[in-house]
$ cat run03.cif   # mmCIF, C-alpha atoms
data_protein
loop_
_atom_site.group_PDB
_atom_site.id
_atom_site.type_symbol
_atom_site.label_atom_id
_atom_site.label_comp_id
_atom_site.auth_asym_id
_atom_site.auth_seq_id
_atom_site.Cartn_x
_atom_site.Cartn_y
_atom_site.Cartn_z
ATOM 1 C CA MET Z 1 -14.395 18.395 16.618
ATOM 2 C CA ILE Z 2 -13.229 21.193 14.289
ATOM 3 C CA GLU Z 3 -12.563 18.687 11.477
ATOM 4 C CA GLU Z 4 -16.085 17.285 11.863
ATOM 5 C CA GLU Z 5 -17.598 20.792 11.807
ATOM 6 C CA MET Z 6 -15.677 21.578 8.613
ATOM 7 C CA ARG Z 7 -16.864 18.318 7.023
ATOM 8 C CA ASN Z 8 -20.456 19.251 7.893
ATOM 9 C CA GLN Z 9 -20.009 22.504 5.943
ATOM 10 C CA ASP Z 10 -18.669 20.757 2.825
ATOM 11 C CA LEU Z 11 -21.008 20.306 -0.118
ATOM 12 C CA ILE Z 12 -20.170 16.597 -0.412
ATOM 13 C CA GLY Z 13 -19.344 14.080 2.290
ATOM 14 C CA TYR Z 14 -18.211 10.521 1.580
ATOM 15 C CA ASP Z 15 -17.648 7.841 4.203
ATOM 16 C CA LEU Z 16 -16.797 4.188 3.691
ATOM 17 C CA HIS Z 17 -18.754 1.596 5.657
ATOM 18 C CA ASP Z 18 -18.766 -2.180 5.437
ATOM 19 C CA ALA Z 19 -17.203 -3.901 2.462
ATOM 20 C CA GLY Z 20 -18.679 -2.546 -0.741
ATOM 21 C CA TRP Z 21 -20.768 0.208 0.832
ATOM 22 C CA ALA Z 22 -20.306 3.891 1.507
ATOM 23 C CA GLU Z 23 -22.484 6.847 2.359
ATOM 24 C CA MET Z 24 -22.531 10.049 0.358
ATOM 25 C CA ASN Z 25 -24.110 13.051 1.988
ATOM 26 C CA PHE Z 26 -24.887 16.300 0.315
ATOM 27 C CA ARG Z 27 -25.462 19.689 1.917
ATOM 28 C CA ALA Z 28 -28.866 20.861 0.755
ATOM 29 C CA ASP Z 29 -29.515 23.712 3.143
ATOM 30 C CA PRO Z 30 -31.034 23.592 5.637
ATOM 31 C CA GLN Z 31 -30.452 19.815 5.873
ATOM 32 C CA ARG Z 32 -28.049 17.206 4.600
ATOM 33 C CA LEU Z 33 -29.267 14.483 2.264
ATOM 34 C CA ASP Z 34 -27.808 10.996 2.771
ATOM 35 C CA PHE Z 35 -27.462 8.311 0.102
ATOM 36 C CA ALA Z 36 -26.139 4.751 0.197
ATOM 37 C CA VAL Z 37 -23.366 4.049 -2.319
ATOM 38 C CA SER Z 38 -22.638 0.594 -3.723
ATOM 39 C CA TYR Z 39 -19.405 -0.943 -4.995
ATOM 40 C CA LEU Z 40 -21.155 -1.537 -8.327
ATOM 41 C CA HIS Z 41 -19.836 1.804 -9.568
ATOM 42 C CA ASP Z 42 -16.484 3.516 -9.023
ATOM 43 C CA SER Z 43 -17.983 6.557 -7.279
ATOM 44 C CA LEU Z 44 -14.786 7.586 -5.503
ATOM 45 C CA GLY Z 45 -12.986 7.389 -8.850
ATOM 46 C CA ASP Z 46 -15.696 9.600 -10.390
ATOM 47 C CA LEU Z 47 -15.269 12.070 -7.559
ATOM 48 C CA ALA Z 48 -11.483 12.122 -8.005
ATOM 49 C CA ARG Z 49 -11.830 12.656 -11.765
ATOM 50 C CA MET Z 50 -14.355 15.427 -11.102
ATOM 51 C CA GLY Z 51 -11.961 17.199 -8.739
ATOM 52 C CA LEU Z 52 -9.050 16.914 -11.147
ATOM 53 C CA ALA Z 53 -11.125 18.069 -14.133
ATOM 54 C CA LEU Z 54 -12.462 21.070 -12.224
ATOM 55 C CA GLN Z 55 -8.971 21.935 -11.002
ATOM 56 C CA LYS Z 56 -7.881 22.004 -14.651
ATOM 57 C CA GLY Z 57 -10.758 24.346 -15.551
ATOM 58 C CA ALA Z 58 -13.390 21.942 -16.918
ATOM 59 C CA THR Z 59 -16.773 23.519 -17.614
ATOM 60 C CA HIS Z 60 -18.725 20.297 -16.920
ATOM 61 C CA ALA Z 61 -18.150 17.358 -14.589
ATOM 62 C CA GLU Z 62 -20.299 14.715 -12.964
ATOM 63 C CA ALA Z 63 -20.047 11.868 -10.487
ATOM 64 C CA VAL Z 64 -22.367 8.874 -10.112
ATOM 65 C CA PHE Z 65 -23.293 7.437 -6.720
ATOM 66 C CA MET Z 66 -25.070 4.142 -7.334
ATOM 67 C CA ASP Z 67 -27.388 2.471 -4.844
ATOM 68 C CA GLU Z 68 -29.237 -0.827 -5.267
ATOM 69 C CA PRO Z 69 -31.502 0.206 -6.986
ATOM 70 C CA GLY Z 70 -31.312 3.862 -7.932
ATOM 71 C CA GLU Z 71 -28.555 6.415 -8.005
ATOM 72 C CA VAL Z 72 -27.798 10.066 -7.592
ATOM 73 C CA ILE Z 73 -25.614 12.021 -9.960
ATOM 74 C CA VAL Z 74 -23.870 15.254 -9.031
ATOM 75 C CA VAL Z 75 -23.635 17.498 -12.097
ATOM 76 C CA VAL Z 76 -21.421 20.591 -11.978
ATOM 77 C CA THR Z 77 -21.167 23.266 -14.684
ATOM 78 C CA GLY Z 78 -19.500 26.641 -15.021
ATOM 79 C CA ASP Z 79 -16.632 28.312 -16.812
ATOM 80 C CA LYS Z 80 -15.331 30.645 -14.108
ATOM 81 C CA ASP Z 81 -14.899 30.463 -10.332
ATOM 82 C CA ALA Z 82 -18.635 30.167 -9.645
ATOM 83 C CA LEU Z 83 -19.986 26.696 -10.430
ATOM 84 C CA GLN Z 84 -23.602 25.608 -10.556
ATOM 85 C CA TYR Z 85 -24.449 22.183 -9.206
ATOM 86 C CA GLU Z 86 -27.439 19.881 -9.370
ATOM 87 C CA LEU Z 87 -28.028 16.698 -7.453
ATOM 88 C CA ARG Z 88 -30.196 14.448 -9.609
ATOM 89 C CA GLN Z 89 -31.916 11.420 -8.098
ATOM 90 C CA TYR Z 90 -32.967 8.449 -10.241
ATOM 91 C CA ARG Z 91 -35.246 5.577 -9.281
ATOM 92 C CA ASP Z 92 -32.927 3.160 -11.117
ATOM 93 C CA TRP Z 93 -29.573 3.248 -12.921
ATOM 94 C CA ALA Z 94 -29.489 5.936 -15.587
ATOM 95 C CA SER Z 95 -25.725 5.480 -15.878
ATOM 96 C CA TRP Z 96 -26.367 1.912 -17.057
ATOM 97 C CA GLY Z 97 -29.235 2.934 -19.359
ATOM 98 C CA ILE Z 98 -31.980 1.295 -17.279
ATOM 99 C CA VAL Z 99 -33.877 4.603 -17.010
ATOM 100 C CA ALA Z 100 -33.609 7.661 -19.230
ATOM 101 C CA VAL Z 101 -31.003 10.253 -18.258
ATOM 102 C CA ASP Z 102 -33.677 12.951 -18.173
ATOM 103 C CA ASP Z 103 -35.999 10.840 -15.953
ATOM 104 C CA HIS Z 104 -34.824 12.269 -12.624
ATOM 105 C CA GLU Z 105 -35.796 14.515 -9.757
ATOM 106 C CA VAL Z 106 -33.551 17.455 -8.880
ATOM 107 C CA VAL Z 107 -33.249 17.196 -5.095
ATOM 108 C CA ALA Z 108 -30.726 20.022 -4.644
ATOM 109 C CA ARG Z 109 -29.183 22.796 -6.694
ATOM 110 C CA GLY Z 110 -27.057 25.786 -6.006
ATOM 111 C CA GLU Z 111 -23.752 27.501 -6.531
ATOM 112 C CA ILE Z 112 -20.295 26.859 -5.103
ATOM 113 C CA ARG Z 113 -16.857 28.304 -5.707
ATOM 114 C CA ARG Z 114 -14.662 26.076 -7.882
ATOM 115 C CA VAL Z 115 -11.778 26.089 -5.414
ATOM 116 C CA GLU Z 116 -14.110 25.201 -2.533
ATOM 117 C CA LEU Z 117 -15.477 22.124 -4.323
ATOM 118 C CA VAL Z 118 -12.023 20.990 -5.479
ATOM 119 C CA ARG Z 119 -10.685 21.273 -1.924
ATOM 120 C CA ASN Z 120 -13.751 19.415 -0.604
ATOM 121 C CA ILE Z 121 -13.072 16.528 -2.999
ATOM 122 C CA HIS Z 122 -9.352 16.525 -2.198
ATOM 123 C CA ALA Z 123 -10.106 16.369 1.543
ATOM 124 C CA ILE Z 124 -12.329 13.302 1.000
ATOM 125 C CA LEU Z 125 -9.600 11.553 -0.987
ATOM 126 C CA GLN Z 126 -6.888 12.517 1.490
ATOM 127 C CA ARG Z 127 -8.869 11.244 4.483
ATOM 128 C CA ILE Z 128 -9.601 7.889 2.838
ATOM 129 C CA HIS Z 129 -5.984 7.579 1.665
ATOM 130 C CA VAL Z 130 -4.697 8.174 5.206
ATOM 131 C CA GLU Z 131 -7.360 6.297 7.198
ATOM 132 C CA VAL Z 132 -7.929 3.319 4.884
ATOM 133 C CA GLY Z 133 -5.110 3.251 2.335
ATOM 134 C CA PRO Z 134 -5.141 1.870 -1.211
ATOM 135 C CA LYS Z 135 -4.676 -1.789 -0.228
ATOM 136 C CA ARG Z 136 -7.508 -1.906 2.311
ATOM 137 C CA TYR Z 137 -9.703 0.198 0.007
ATOM 138 C CA ARG Z 138 -9.338 -2.427 -2.733
ATOM 139 C CA GLU Z 139 -10.293 -5.160 -0.265
ATOM 140 C CA MET Z 140 -13.370 -3.216 0.819
ATOM 141 C CA TRP Z 141 -14.439 -1.980 -2.604
ATOM 142 C CA VAL Z 142 -13.839 -5.295 -4.406
ATOM 143 C CA GLU Z 143 -14.072 -4.138 -8.032
ATOM 144 C CA HIS Z 144 -12.356 -0.745 -7.854
ATOM 145 C CA ASP Z 145 -8.987 0.540 -6.749
ATOM 146 C CA PHE Z 146 -8.445 3.700 -4.760
ATOM 147 C CA PRO Z 147 -7.957 6.464 -7.392
ATOM 148 C CA LEU Z 148 -4.341 6.982 -6.354
ATOM 149 C CA GLN Z 149 -3.026 8.631 -9.536
ATOM 150 C CA ASP Z 150 -5.863 11.163 -9.694
ATOM 151 C CA TYR Z 151 -5.498 11.860 -5.962
ATOM 152 C CA GLU Z 152 -1.750 12.441 -6.376
ATOM 153 C CA ARG Z 153 -2.266 14.677 -9.448
ATOM 154 C CA LEU Z 154 -4.868 16.698 -7.602
ATOM 155 C CA SER Z 155 -2.571 17.017 -4.571
ATOM 156 C CA ILE Z 156 0.270 18.290 -6.749
ATOM 157 C CA ALA Z 157 -1.992 20.757 -8.572
ATOM 158 C CA LEU Z 158 -3.344 22.152 -5.304
ATOM 159 C CA HIS Z 159 0.167 22.418 -3.877
ATOM 160 C CA LYS Z 160 1.375 24.304 -6.964
ATOM 161 C CA GLN Z 161 -1.637 26.611 -6.771
ATOM 162 C CA SER Z 162 -0.927 27.396 -3.115
ATOM 163 C CA MET Z 163 2.652 28.392 -4.053
ATOM 164 C CA ILE Z 164 1.414 31.107 -6.433
#
$ encode --input "run03.cif" --output "structure tokens"
Amino acid sequence: MIEEEMRNQDLIGYDLHDAGWAEMNFRADPQRLDFAVSYLHDSLGDLARMGLALQKGATHAEAVFMDEPGEVIVVVTGDKDALQYELRQYRDWASWGIVAVDDHEVVARGEIRRVELVRNIHAILQRIHVEVGPKRYREMWVEHDFPLQDYERLSIALHKQSMI
């Protein structure tokens, strides 16, 4: 119950469903927005790379969550602890050049602490690693492996940070 309440407070939620499908939800107060995610893009890999980049101090990161058709892209910017985010929704695949990158609707925007978002992403990766595992993830996601190296690097970086 407590774990579920914490997940409901996270900016991003990510749950695997049947083979090749997941659901990404996004806290856009006062509600949560839900989006289907297809295996056609390595969204969990994008999320892992985003977390790792932000942990290392990146000033810009984004992750694509592709549906069939359409997609949403989470864009995060900022050079300090406070990050600005935008959730951009596209009617088709901007990441594949089918629609223009600037042809989107901003469905949510706000601010989040860097450490909060990095921990949110790490928790998603950790849960999938424990509950599904890399082998089963590959079977479910067909074209993409679980982002094990990025997950492990992020885990180490967060552990080192907690030791300071």
$ resolve_selection --input "run03.cif" --expression "the PyMOL selection byres ((chain Z and resi 45-54) around 8)" --output "JSON, numbers by chain"
{"Z": [42, 43, 44, 55, 56, 57, 58, 59, 60, 61, 62, 63, 64, 114, 117, 118, 121, 122, 125, 146, 147, 150, 151, 153, 154]}
$ resolve_selection --input "run03.cif" --expression "the PyMOL selection byres ((chain Z and resi 31) around 12)" --output "PDB file with C-alpha atoms, in the coordinates of the input"
ATOM      1  CA  ASN Z   8     -20.456  19.251   7.893  1.00  0.00           C
ATOM      2  CA  GLN Z   9     -20.009  22.504   5.943  1.00  0.00           C
ATOM      3  CA  LEU Z  11     -21.008  20.306  -0.118  1.00  0.00           C
ATOM      4  CA  ASN Z  25     -24.110  13.051   1.988  1.00  0.00           C
ATOM      5  CA  PHE Z  26     -24.887  16.300   0.315  1.00  0.00           C
ATOM      6  CA  ARG Z  27     -25.462  19.689   1.917  1.00  0.00           C
ATOM      7  CA  ALA Z  28     -28.866  20.861   0.755  1.00  0.00           C
ATOM      8  CA  ASP Z  29     -29.515  23.712   3.143  1.00  0.00           C
ATOM      9  CA  PRO Z  30     -31.034  23.592   5.637  1.00  0.00           C
ATOM     10  CA  ARG Z  32     -28.049  17.206   4.600  1.00  0.00           C
ATOM     11  CA  LEU Z  33     -29.267  14.483   2.264  1.00  0.00           C
ATOM     12  CA  ASP Z  34     -27.808  10.996   2.771  1.00  0.00           C
ATOM     13  CA  VAL Z 107     -33.249  17.196  -5.095  1.00  0.00           C
ATOM     14  CA  ALA Z 108     -30.726  20.022  -4.644  1.00  0.00           C
TER      15      ALA Z 108
END
$ atom_distance --input "run03.cif" --atom1 "atom CA of Z:Phe65" --atom2 "atom CA of Z:Leu87"
10.4 Å
$ atom_distance --input "run03.cif" --atom1 "atom CA of Z:Glu116" --atom2 "atom CA of Z:Val37"
23.1 Å
$ atom_distance --input "run03.cif" --atom1 "atom CA of Z:Arg138" --atom2 "atom CA of Z:Val101"
29.5 Å
$ closest_residue --input "run03.cif" --among "Z:Gln84, Z:Ser38, Z:Asn120, Z:Gln89" --to "Z:Glu71" --atoms "all atoms listed in the file"
Z:Gln89
$ resolve_selection --input "run03.cif" --expression "the PyMOL selection byres ((chain Z and resi 75) around 6)" --output "list in words"
Glu62, Val74, Val76, Tyr85 and Glu86 of chain Z
$ residues_around --input "run03.cif" --residues "Z:Trp96" --least-positions-apart "4" --cutoff "12 Å" --atoms "all atoms listed in the file" --output "PyMOL selection string"
chain Z and resi 40-41+64+66+69-71+90+92+100-101
$ write_last_selection --input "run03.cif" --atoms "C-alpha atoms" --output "PDB file, keeping the file's coordinate frame"
ATOM      1  CA  LEU Z  40     -21.155  -1.537  -8.327  1.00  0.00           C
ATOM      2  CA  HIS Z  41     -19.836   1.804  -9.568  1.00  0.00           C
ATOM      3  CA  VAL Z  64     -22.367   8.874 -10.112  1.00  0.00           C
ATOM      4  CA  MET Z  66     -25.070   4.142  -7.334  1.00  0.00           C
ATOM      5  CA  PRO Z  69     -31.502   0.206  -6.986  1.00  0.00           C
ATOM      6  CA  GLY Z  70     -31.312   3.862  -7.932  1.00  0.00           C
ATOM      7  CA  GLU Z  71     -28.555   6.415  -8.005  1.00  0.00           C
ATOM      8  CA  TYR Z  90     -32.967   8.449 -10.241  1.00  0.00           C
ATOM      9  CA  ASP Z  92     -32.927   3.160 -11.117  1.00  0.00           C
ATOM     10  CA  ALA Z 100     -33.609   7.661 -19.230  1.00  0.00           C
ATOM     11  CA  VAL Z 101     -31.003  10.253 -18.258  1.00  0.00           C
TER      12      VAL Z 101
END
$ closest_residue --input "run03.cif" --among "Z:Leu16, Z:Phe35, Z:Pro134, Z:Trp21" --to "Z:Gln149" --atoms "all atoms listed in the file"
Z:Pro134
$ closest_residue --input "run03.cif" --among "Z:Asp10, Z:Val72, Z:Gly20, Z:Ile128" --to "Z:His144" --atoms "only C-alpha atoms"
Z:Gly20
$ axis_aligned_box --input "run03.cif" --around "stretch 102-114 of chain Z" --padding-each-side "8 Å" --output "AutoDock Vina command-line options"
--center_x -25.3 --center_y 19.6 --center_z -11.4 --size_x 37.3 --size_y 33.5 --size_z 29.5
$ build_atoms --input "run03.cif" --residues "stretch 98-109 of chain Z" --atoms "all heavy atoms" --output "compact mmCIF listing (two decimals), keeping the file's coordinate frame"
# COMPACT_ATOMS: atom_id res chain seq x y z
N ILE Z 98 -30.75 1.97 -17.70
CA ILE Z 98 -31.98 1.30 -17.28
C ILE Z 98 -33.15 2.28 -17.25
O ILE Z 98 -34.29 1.91 -17.52
CB ILE Z 98 -31.78 0.58 -15.93
CG1 ILE Z 98 -30.77 -0.56 -16.15
CG2 ILE Z 98 -33.09 0.06 -15.37
CD1 ILE Z 98 -30.35 -1.29 -14.90
N VAL Z 99 -32.87 3.53 -16.90
CA VAL Z 99 -33.88 4.60 -17.01
C VAL Z 99 -33.25 5.72 -17.84
O VAL Z 99 -32.03 5.83 -17.95
CB VAL Z 99 -34.35 5.14 -15.64
CG1 VAL Z 99 -35.07 4.08 -14.84
CG2 VAL Z 99 -33.20 5.72 -14.84
N ALA Z 100 -34.09 6.56 -18.40
CA ALA Z 100 -33.61 7.66 -19.23
C ALA Z 100 -32.85 8.69 -18.39
O ALA Z 100 -33.22 8.95 -17.23
CB ALA Z 100 -34.78 8.34 -19.94
N VAL Z 101 -31.82 9.27 -18.95
CA VAL Z 101 -31.00 10.25 -18.26
C VAL Z 101 -31.83 11.46 -17.81
O VAL Z 101 -31.55 12.06 -16.77
CB VAL Z 101 -29.81 10.70 -19.15
CG1 VAL Z 101 -29.03 11.82 -18.51
CG2 VAL Z 101 -28.90 9.52 -19.44
N ASP Z 102 -32.87 11.80 -18.56
CA ASP Z 102 -33.68 12.95 -18.17
C ASP Z 102 -34.86 12.58 -17.28
O ASP Z 102 -35.68 13.42 -16.94
CB ASP Z 102 -34.14 13.74 -19.39
CG ASP Z 102 -34.88 12.90 -20.40
OD1 ASP Z 102 -35.00 11.68 -20.21
OD2 ASP Z 102 -35.36 13.47 -21.40
N ASP Z 103 -34.93 11.31 -16.84
CA ASP Z 103 -36.00 10.84 -15.95
C ASP Z 103 -35.50 10.88 -14.50
O ASP Z 103 -35.24 9.86 -13.89
CB ASP Z 103 -36.42 9.42 -16.35
CG ASP Z 103 -37.60 8.92 -15.54
OD1 ASP Z 103 -38.26 9.73 -14.85
OD2 ASP Z 103 -37.85 7.70 -15.56
N HIS Z 104 -35.36 12.10 -13.97
CA HIS Z 104 -34.82 12.27 -12.62
C HIS Z 104 -35.56 13.38 -11.89
O HIS Z 104 -36.30 14.15 -12.49
CB HIS Z 104 -33.33 12.61 -12.69
CG HIS Z 104 -33.04 13.91 -13.38
ND1 HIS Z 104 -32.83 13.99 -14.73
CD2 HIS Z 104 -32.97 15.18 -12.92
CE1 HIS Z 104 -32.62 15.26 -15.07
NE2 HIS Z 104 -32.70 16.01 -13.98
N GLU Z 105 -35.30 13.43 -10.60
CA GLU Z 105 -35.80 14.52 -9.76
C GLU Z 105 -34.58 15.31 -9.29
O GLU Z 105 -33.59 14.72 -8.84
CB GLU Z 105 -36.54 13.94 -8.55
CG GLU Z 105 -36.99 14.97 -7.56
CD GLU Z 105 -37.59 14.36 -6.29
OE1 GLU Z 105 -37.70 13.13 -6.19
OE2 GLU Z 105 -37.92 15.15 -5.39
N VAL Z 106 -34.62 16.61 -9.41
CA VAL Z 106 -33.55 17.45 -8.88
C VAL Z 106 -33.86 17.67 -7.40
O VAL Z 106 -34.86 18.30 -7.05
CB VAL Z 106 -33.45 18.80 -9.63
CG1 VAL Z 106 -32.40 19.69 -8.99
CG2 VAL Z 106 -33.14 18.56 -11.10
N VAL Z 107 -33.00 17.11 -6.53
CA VAL Z 107 -33.25 17.20 -5.10
C VAL Z 107 -32.44 18.31 -4.43
O VAL Z 107 -32.69 18.66 -3.28
CB VAL Z 107 -33.00 15.84 -4.39
CG1 VAL Z 107 -34.04 14.82 -4.84
CG2 VAL Z 107 -31.61 15.32 -4.64
N ALA Z 108 -31.49 18.87 -5.15
CA ALA Z 108 -30.73 20.02 -4.64
C ALA Z 108 -30.06 20.72 -5.82
O ALA Z 108 -29.66 20.08 -6.79
CB ALA Z 108 -29.67 19.57 -3.64
N ARG Z 109 -29.93 22.03 -5.70
CA ARG Z 109 -29.18 22.80 -6.69
C ARG Z 109 -28.68 24.05 -6.02
O ARG Z 109 -29.21 24.48 -5.01
CB ARG Z 109 -30.00 23.11 -7.93
CG ARG Z 109 -31.15 24.04 -7.74
CD ARG Z 109 -31.78 24.57 -9.04
NE ARG Z 109 -31.89 23.62 -10.10
CZ ARG Z 109 -33.02 23.11 -10.58
NH1 ARG Z 109 -34.17 23.48 -10.06
NH2 ARG Z 109 -33.02 22.27 -11.57
